[in-house]
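J.: Handing you a structure now.
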Amino acid sequence: MLGDRLRNKIADLILAGELRPGDRLDETALAQRFGVSRTPVREALQQLGTSGLVENRPRRSAIVRKLSMGELAAFFEATGEIEALCTRYSAERMTQAERIALKELIDLSKSASDAGDRVASRALDEQFHEMLHDGAHNPALRDMARGMRMRVGPYSAAPYTLETFDTLLTVPHFQHAAIVQAILDRDAEAAHRHMLDHIGHTFLVIRDILTVSGKNEEALRTATNDVA
């Protein structure tokens, strides 16, 4: 259905970081962008609201949901455990073909990180986690993992999309590479541990980004008030 397709397209914009937490989701602008009427856009936003990705507000435009630091910490804690379990099962259950594809992906990741290509690195990051969700060979766990990543996705995109924040692309790549090596070695304990460390580090980076962004916003408000 059209509403479902629009939901996926809008979710992709959010998860890729083009639309960020707190951004307004104007129905008219989105309708014009996708060449549709406002009705299917409204339906799509309602669906995204139930997923927790969008906040629908009465008589006002919907916004990309903005989590408090406490909420974000809780979501990342849960995400870390679920992702780590997927990784443990992937080390035990991935087929040889899946392992080869994972090795090829990490090679592409190295090239992208060495080149400083944030767009490619972000796309490969998503593919990496999806491969581990699938590699666990547990549909219920896969759906849980993807649901949690949808919640934290707009924040996970920040280190890749905010070029003003000095984050090294080599760091997540090397973390991914350690996870892949453990999976290739069929070392489930190491794979689990490396994923927990990776998600924990990602949260700390995002916390720093939000702290700096918050200080910048406060400074801007203070400067505006001083001028007024």
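By order in the structure tokens, chains are A, B, ...; within a chain, residues start at 1; ligands start at 1, following the order shown.
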Do you know which residues are at most 12 Å from Glu77 (chain A) counting only C-alpha atoms, after dropping those on the same chain fewer than 6 positions away, and could you put them as number ranges by chain?

T.: A: 70-71, 83-84, 148-149, 152, 195-204

J.: What parts of region 56-146 of chain A does DSSP call helix (DSSP H, G or I)? I'd like the answer as an MDAnalysis selection string.

T.: chainID A and resid 69:93 96:115 118:135 139:146

J.: Taking only C-alpha atoms into account, name the residue in A:Ala91, A:Leu210, A:Ala115, A:Ala145 that is nearest to Ile183 (chain A).

T.: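 The shortest atom-to-atom distance to Ile183 (chain A) comes from A:Ala91.
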
J.: Identify which of the residues A:Ser90, A:Ser113, A:Thr50, A:Asn8 lies closest to Asp185 (chain A), counting only C-alpha atoms when measuring atom-to-atom distances.

T.: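 The closest residue to Asp185 (chain A) is A:Ser90.
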